[in-house]
Amino acid sequence: MTRLLAMAGYVYQSAAAIILIFAISHLLPAADYTNFSLALASSQLLCVLMFEWLQLAGLRFLAAAKENEAARLRWSLLAAGLSSAAALVVVGACASVASVLPTGIVALGLGISVLQGLTDLYFLSVRLSDRLGIASFLLALRATGLLAGAVAAGVFSGTAEAALLGIASGHVLGLLAGLAAYRTPMERVPLQRMLADWKDFSRYGMLAAGASVIHLSVPVLLRVVILGRLGATGAGAGFSMALDLLQRPFWVLNAAIHTVSYPEVVNDFEHGGSARSVQSARRMFEFMICTTLVLLGGLIGFIPDAARILVPQASLAGFLETAPMVAAFYFLHTHLQATTAVVPHLEKLATRLVLVAAGQLAVVVAVSLVAVSAGLSPRGAVGWATVATFATILVALGPTLRFEAFPRWPLVMQALVAALLIGSLGSLPTEPTTWLAGKIVIAAIATAVIGWRGDFLMLARRG
């Protein structure tokens, strides 16, 4: 039951993030929303740059550690996290001189990066202390704080700076609540032992995090290339909304599945033997592929209806033009970053992860620049980026194929059929209301069938 509630908590986070984007897009002028969106995307990139190596190292080493060793590792993680935060403030302050954004927005973006990185690291420690329920509650509470803080600030001031300040307040709430809800057991260690832990973390974590930074840079640079043509216009704001909105459901679903399943996969890989390791990885692959396929169908089928109600009129045309292709791009981008990387993470092939990520970045930037220079629409440019990402997945599949944790392809094909069915509902009218209700019922039935066929609810319950 705890794992089912954890999955529900991640769904809630996704919903809160979607509502936040719609709300802020209404509260801020198009130019302010573009600045808000760029600052928030940049802060996410900095957060990954400075803290993702510790997230990945903590997840890889803590998941299979015994309790005494785990207490020592948590202390080393905390010390490394504080050091990364200090370095981010110093380096970010120096680099901000060259930024085109206002100084206040840059400072808030840096603050959000620090707060999010430390909070995520502490929540990870709570999760890997066998407190999945508490960690899920804290994540949902933070999502509520981010939504409430940003919306309240937007209503009060209506500026990008105020909205970013609200985001920062939400992270502060989450961190304070985490410290109050559960103190993770830690064992203070001598400096020499801590430095040895940092060496282990960095040997694996920094390369793996480098891959994550490069992957995160792909949509950021894609945004820069296309906005360089569109500018701070309604069409540019609509495209920015599509990038902001449609990455979050995939990211949150992927994070939920990893939170629920990946520690078990790591433990089986280290201690469970070859057959058990392959079986747990196969279940995780099925979970990820099938659920994201259904999610893609749902986004294509229902986001246009929601957009006509919630997206500002000035941004609507740009959003509707690019949203379906952006959803397809993020579907493939998520699987390149997460699914095809599971086996290299287990085998600690971090250098390979960096090479794959760098290859995707180079190809996506190249094809999008060519597309924009050739006069293609933003949708066409994103389409070529999607094709480039799919080609990178094909190149990166080697370790996964050798591991032989193959999903049940009949189940994957059933999920694909369900996704096509749900996506086709977007062509049906939503008026009168009974039509919309009927579409929702059909999508819910198709989703439930795939969940039952894949045994995903029971999978979420298993430890």
# chains A, B, ... in the order shown; residues from 1 in each chain; ligands from 1

call {"tool": "closest_atom_pairs", "arguments": {"of": "segment 381-406 of chain A", "to": "segment 330-338 of chain A", "cutoff": "7 Å", "atoms": "only C-alpha atoms", "output": "tab-separated table"}}
result
residue	atom	partner	partner_atom	distance
A:Thr389	CA	A:His333	CA	6.4
A:Phe390	CA	A:Leu332	CA	6.4
A:Ile393	CA	A:Leu336	CA	5.6

call {"tool": "residues_around", "arguments": {"residues": "Thr159 of chain A", "least_positions_apart": "3", "cutoff": "8 Å", "atoms": "only C-alpha atoms", "output": "list of chain:residue names"}}
result
A:Leu28, A:Asp32, A:Gly154, A:Ala162, A:Ala163

call {"tool": "write_last_selection", "arguments": {"atoms": "N, CA, C and O atoms", "output": "PDB file, in the first residue's frame"}}
result
ATOM      1  N   LEU A  28       1.391  36.049 -15.601  1.00  0.00           N
ATOM      2  CA  LEU A  28       2.508  36.852 -16.079  1.00  0.00           C
ATOM      3  C   LEU A  28       2.314  37.246 -17.536  1.00  0.00           C
ATOM      4  O   LEU A  28       1.773  36.461 -18.319  1.00  0.00           O
ATOM      5  N   ASP A  32       7.432  38.274 -19.467  1.00  0.00           N
ATOM      6  CA  ASP A  32       7.809  37.841 -18.119  1.00  0.00           C
ATOM      7  C   ASP A  32       7.772  36.324 -18.006  1.00  0.00           C
ATOM      8  O   ASP A  32       8.634  35.723 -17.356  1.00  0.00           O
ATOM      9  N   GLY A 154       2.660  35.431  -7.864  1.00  0.00           N
ATOM     10  CA  GLY A 154       2.230  35.949  -9.160  1.00  0.00           C
ATOM     11  C   GLY A 154       1.007  36.843  -9.042  1.00  0.00           C
ATOM     12  O   GLY A 154       0.906  37.874  -9.705  1.00  0.00           O
ATOM     13  N   ALA A 162       8.817  37.739  -8.675  1.00  0.00           N
ATOM     14  CA  ALA A 162       7.917  37.303  -7.611  1.00  0.00           C
ATOM     15  C   ALA A 162       7.581  35.820  -7.734  1.00  0.00           C
ATOM     16  O   ALA A 162       7.566  35.087  -6.741  1.00  0.00           O
ATOM     17  N   ALA A 163       7.325  35.358  -8.954  1.00  0.00           N
ATOM     18  CA  ALA A 163       7.004  33.942  -9.154  1.00  0.00           C
ATOM     19  C   ALA A 163       8.180  33.056  -8.759  1.00  0.00           C
ATOM     20  O   ALA A 163       7.994  31.996  -8.139  1.00  0.00           O
TER      21      ALA A 163
END

call {"tool": "closest_atom_pairs", "arguments": {"of": "segment 221-336 of chain A", "to": "segment 121-139 of chain A", "cutoff": "10 Å", "atoms": "only C-alpha atoms", "output": "CSV"}}
result
residue,atom,partner,partner_atom,distance
A:Ala256,CA,A:Ser136,CA,9.3
A:Thr259,CA,A:Arg127,CA,8.0
A:Val260,CA,A:Leu132,CA,8.2
A:Pro263,CA,A:Leu128,CA,8.1

call {"tool": "atom_distance", "arguments": {"atom1": "atom CA of Ala177 of chain A", "atom2": "atom CA of Ala140 of chain A"}}
result
11.3 Å

call {"tool": "closest_residue", "arguments": {"among": "A:Met288, A:Ile226, A:Ala23, A:Ala160", "to": "Gly318 of chain A", "atoms": "only C-alpha atoms"}}
result
A:Ile226

call {"tool": "residues_around", "arguments": {"residues": "Gly380 of chain A", "least_positions_apart": "6", "cutoff": "10 Å", "atoms": "only C-alpha atoms", "output": "PyMOL selection string"}}
result
chain A and resi 321-322+325+368+371-372+386

call {"tool": "residues_around", "arguments": {"residues": "segment 7-18 of chain A", "least_positions_apart": "2", "cutoff": "6 Å", "atoms": "only C-alpha atoms", "output": "list in words"}}
result
Leu4, Leu5, Leu20, Ile21, Ser136, Ala140, Ala143, Leu245, Pro249, Val252 and Ala256 of chain A

call {"tool": "write_last_selection", "arguments": {"atoms": "N, CA and C atoms", "output": "PDB file, in the first residue's frame"}}
result
ATOM      1  N   LEU A   4       1.936   2.020  -3.508  1.00  0.00           N
ATOM      2  CA  LEU A   4       0.845   2.568  -4.299  1.00  0.00           C
ATOM      3  C   LEU A   4       0.626   4.037  -3.956  1.00  0.00           C
ATOM      4  N   LEU A   5       0.691   4.363  -2.663  1.00  0.00           N
ATOM      5  CA  LEU A   5       0.547   5.761  -2.259  1.00  0.00           C
ATOM      6  C   LEU A   5       1.706   6.609  -2.786  1.00  0.00           C
ATOM      7  N   LEU A  20       0.645  24.620 -12.040  1.00  0.00           N
ATOM      8  CA  LEU A  20       1.532  25.772 -11.808  1.00  0.00           C
ATOM      9  C   LEU A  20       1.857  26.470 -13.125  1.00  0.00           C
ATOM     10  N   ILE A  21       2.193  25.687 -14.148  1.00  0.00           N
ATOM     11  CA  ILE A  21       2.563  26.293 -15.428  1.00  0.00           C
ATOM     12  C   ILE A  21       1.386  27.034 -16.042  1.00  0.00           C
ATOM     13  N   SER A 136       7.535  10.204   0.181  1.00  0.00           N
ATOM     14  CA  SER A 136       6.487  10.540  -0.791  1.00  0.00           C
ATOM     15  C   SER A 136       5.616  11.678  -0.286  1.00  0.00           C
ATOM     16  N   ALA A 140       5.152  15.422  -2.035  1.00  0.00           N
ATOM     17  CA  ALA A 140       3.843  16.003  -2.336  1.00  0.00           C
ATOM     18  C   ALA A 140       3.653  17.340  -1.621  1.00  0.00           C
ATOM     19  N   ALA A 143       5.553  19.946  -3.511  1.00  0.00           N
ATOM     20  CA  ALA A 143       4.844  20.317  -4.731  1.00  0.00           C
ATOM     21  C   ALA A 143       3.716  21.298  -4.428  1.00  0.00           C
ATOM     22  N   LEU A 245       5.606  22.332 -19.916  1.00  0.00           N
ATOM     23  CA  LEU A 245       4.475  21.529 -19.461  1.00  0.00           C
ATOM     24  C   LEU A 245       4.675  20.042 -19.733  1.00  0.00           C
ATOM     25  N   PRO A 249       5.227  15.571 -16.892  1.00  0.00           N
ATOM     26  CA  PRO A 249       4.592  14.262 -16.673  1.00  0.00           C
ATOM     27  C   PRO A 249       5.549  13.096 -16.895  1.00  0.00           C
ATOM     28  N   VAL A 252       8.186  13.102 -13.977  1.00  0.00           N
ATOM     29  CA  VAL A 252       7.632  12.683 -12.698  1.00  0.00           C
ATOM     30  C   VAL A 252       7.314  11.185 -12.711  1.00  0.00           C
ATOM     31  N   ALA A 256       8.960   8.457 -10.298  1.00  0.00           N
ATOM     32  CA  ALA A 256       8.151   7.590  -9.445  1.00  0.00           C
ATOM     33  C   ALA A 256       8.550   6.132  -9.614  1.00  0.00           C
TER      34      ALA A 256
END

call {"tool": "residues_around", "arguments": {"residues": "Ala306 of chain A", "least_positions_apart": "5", "cutoff": "12 Å", "atoms": "only C-alpha atoms", "output": "ChimeraX atom specification"}}
result
/A:18-19,22,245,298-301,311-312,316,319-320,323,426,430,436

call {"tool": "residues_around", "arguments": {"residues": "segment 196-201 of chain A", "least_positions_apart": "4", "cutoff": "9 Å", "atoms": "only C-alpha atoms", "output": "number ranges by chain"}}
result
A: 53-54, 56-58, 61, 73, 76-77, 80, 191-192, 205-206

call {"tool": "write_last_selection", "arguments": {"atoms": "N, CA, C and O atoms", "output": "PDB file, in the first residue's frame"}}
result
ATOM      1  N   TRP A  53      25.332  14.388  -9.297  1.00  0.00           N
ATOM      2  CA  TRP A  53      26.348  13.361  -9.049  1.00  0.00           C
ATOM      3  C   TRP A  53      26.175  12.751  -7.672  1.00  0.00           C
ATOM      4  O   TRP A  53      26.387  11.533  -7.488  1.00  0.00           O
ATOM      5  N   LEU A  54      25.742  13.551  -6.713  1.00  0.00           N
ATOM      6  CA  LEU A  54      25.497  13.018  -5.373  1.00  0.00           C
ATOM      7  C   LEU A  54      24.199  12.222  -5.322  1.00  0.00           C
ATOM      8  O   LEU A  54      24.115  11.199  -4.633  1.00  0.00           O
ATOM      9  N   LEU A  56      22.926  10.460  -7.809  1.00  0.00           N
ATOM     10  CA  LEU A  56      23.182   9.184  -8.465  1.00  0.00           C
ATOM     11  C   LEU A  56      24.093   8.300  -7.629  1.00  0.00           C
ATOM     12  O   LEU A  56      23.864   7.087  -7.503  1.00  0.00           O
ATOM     13  N   ALA A  57      25.133   8.893  -7.057  1.00  0.00           N
ATOM     14  CA  ALA A  57      26.030   8.109  -6.213  1.00  0.00           C
ATOM     15  C   ALA A  57      25.311   7.603  -4.961  1.00  0.00           C
ATOM     16  O   ALA A  57      25.474   6.442  -4.564  1.00  0.00           O
ATOM     17  N   GLY A  58      24.509   8.466  -4.346  1.00  0.00           N
ATOM     18  CA  GLY A  58      23.767   8.046  -3.165  1.00  0.00           C
ATOM     19  C   GLY A  58      22.808   6.918  -3.471  1.00  0.00           C
ATOM     20  O   GLY A  58      22.718   5.926  -2.729  1.00  0.00           O
ATOM     21  N   PHE A  61      24.943   3.654  -4.225  1.00  0.00           N
ATOM     22  CA  PHE A  61      25.674   3.056  -3.112  1.00  0.00           C
ATOM     23  C   PHE A  61      24.790   2.800  -1.886  1.00  0.00           C
ATOM     24  O   PHE A  61      24.942   1.788  -1.201  1.00  0.00           O
ATOM     25  N   LEU A  73      27.671   6.758   5.047  1.00  0.00           N
ATOM     26  CA  LEU A  73      27.533   7.328   3.707  1.00  0.00           C
ATOM     27  C   LEU A  73      26.630   8.555   3.710  1.00  0.00           C
ATOM     28  O   LEU A  73      26.864   9.510   2.953  1.00  0.00           O
ATOM     29  N   SER A  76      28.656  11.569   4.736  1.00  0.00           N
ATOM     30  CA  SER A  76      29.518  12.002   3.641  1.00  0.00           C
ATOM     31  C   SER A  76      28.713  12.689   2.540  1.00  0.00           C
ATOM     32  O   SER A  76      29.166  13.678   1.953  1.00  0.00           O
ATOM     33  N   LEU A  77      27.498  12.187   2.267  1.00  0.00           N
ATOM     34  CA  LEU A  77      26.637  12.820   1.274  1.00  0.00           C
ATOM     35  C   LEU A  77      26.230  14.226   1.700  1.00  0.00           C
ATOM     36  O   LEU A  77      26.229  15.157   0.891  1.00  0.00           O
ATOM     37  N   ALA A  80      29.189  16.578   1.352  1.00  0.00           N
ATOM     38  CA  ALA A  80      29.442  16.868  -0.059  1.00  0.00           C
ATOM     39  C   ALA A  80      28.368  17.788  -0.632  1.00  0.00           C
ATOM     40  O   ALA A  80      28.660  18.659  -1.456  1.00  0.00           O
ATOM     41  N   LEU A 191      37.822  12.888   8.630  1.00  0.00           N
ATOM     42  CA  LEU A 191      37.995  13.560   7.351  1.00  0.00           C
ATOM     43  C   LEU A 191      38.572  12.613   6.301  1.00  0.00           C
ATOM     44  O   LEU A 191      38.129  12.618   5.142  1.00  0.00           O
ATOM     45  N   GLN A 192      39.528  11.790   6.689  1.00  0.00           N
ATOM     46  CA  GLN A 192      40.149  10.888   5.724  1.00  0.00           C
ATOM     47  C   GLN A 192      39.128   9.904   5.154  1.00  0.00           C
ATOM     48  O   GLN A 192      39.106   9.627   3.954  1.00  0.00           O
ATOM     49  N   GLY A 205      29.733   8.955  -9.707  1.00  0.00           N
ATOM     50  CA  GLY A 205      28.646   9.930  -9.743  1.00  0.00           C
ATOM     51  C   GLY A 205      28.886  11.103 -10.664  1.00  0.00           C
ATOM     52  O   GLY A 205      27.963  11.570 -11.327  1.00  0.00           O
ATOM     53  N   MET A 206      30.128  11.597 -10.733  1.00  0.00           N
ATOM     54  CA  MET A 206      30.359  12.790 -11.550  1.00  0.00           C
ATOM     55  C   MET A 206      30.213  12.496 -13.035  1.00  0.00           C
ATOM     56  O   MET A 206      29.655  13.310 -13.783  1.00  0.00           O
TER      57      MET A 206
END

call {"tool": "closest_residue", "arguments": {"among": "A:Leu376, A:Leu38, A:Val172, A:Leu146", "to": "Gly111 of chain A", "atoms": "only C-alpha atoms"}}
result
A:Val172

call {"tool": "closest_residue", "arguments": {"among": "A:Leu293, A:Leu59, A:Ile309, A:Leu40", "to": "Leu110 of chain A", "atoms": "only C-alpha atoms"}}
result
A:Leu40

call {"tool": "residues_around", "arguments": {"residues": "Leu176 of chain A", "least_positions_apart": "3", "cutoff": "12 Å", "atoms": "only C-alpha atoms", "output": "list in words"}}
result
Leu115, Leu118, Thr119, Tyr122, Phe123, Leu138, Leu141, Arg142, Gly145, Ser169, Gly170, His171, Val172, Leu173, Leu179, Ala180, Ala181, Tyr182 and Arg183 of chain A

call {"tool": "write_last_selection", "arguments": {"atoms": "C-alpha atoms", "output": "short mmCIF file (atom, residue, chain, number, x, y, z; two decimals), in the first residue's frame"}}
result
data_model
loop_
_atom_site.label_atom_id
_atom_site.label_comp_id
_atom_site.auth_asym_id
_atom_site.auth_seq_id
_atom_site.Cartn_x
_atom_site.Cartn_y
_atom_site.Cartn_z
CA LEU A 115 17.48 24.82 -2.22
CA LEU A 118 19.81 20.12 -0.83
CA THR A 119 16.15 19.22 -0.45
CA TYR A 122 17.75 14.93 1.99
CA PHE A 123 14.57 13.38 0.57
CA LEU A 138 7.36 15.26 1.71
CA LEU A 141 4.03 18.68 0.36
CA ARG A 142 6.83 20.44 -1.49
CA GLY A 145 4.30 24.63 -1.52
CA SER A 169 9.66 29.52 -0.72
CA GLY A 170 8.17 26.16 -1.67
CA HIS A 171 11.59 24.51 -1.55
CA VAL A 172 12.27 26.06 1.87
CA LEU A 173 8.99 24.65 3.14
CA LEU A 179 13.99 17.95 8.80
CA ALA A 180 11.01 18.00 11.15
CA ALA A 181 9.39 14.79 9.88
CA TYR A 182 12.38 12.43 9.99
CA ARG A 183 16.02 12.74 10.95
#

call {"tool": "closest_residue", "arguments": {"among": "A:Leu243, A:Trp75, A:Ile105, A:Val218", "to": "Pro190 of chain A", "atoms": "only C-alpha atoms"}}
result
A:Trp75
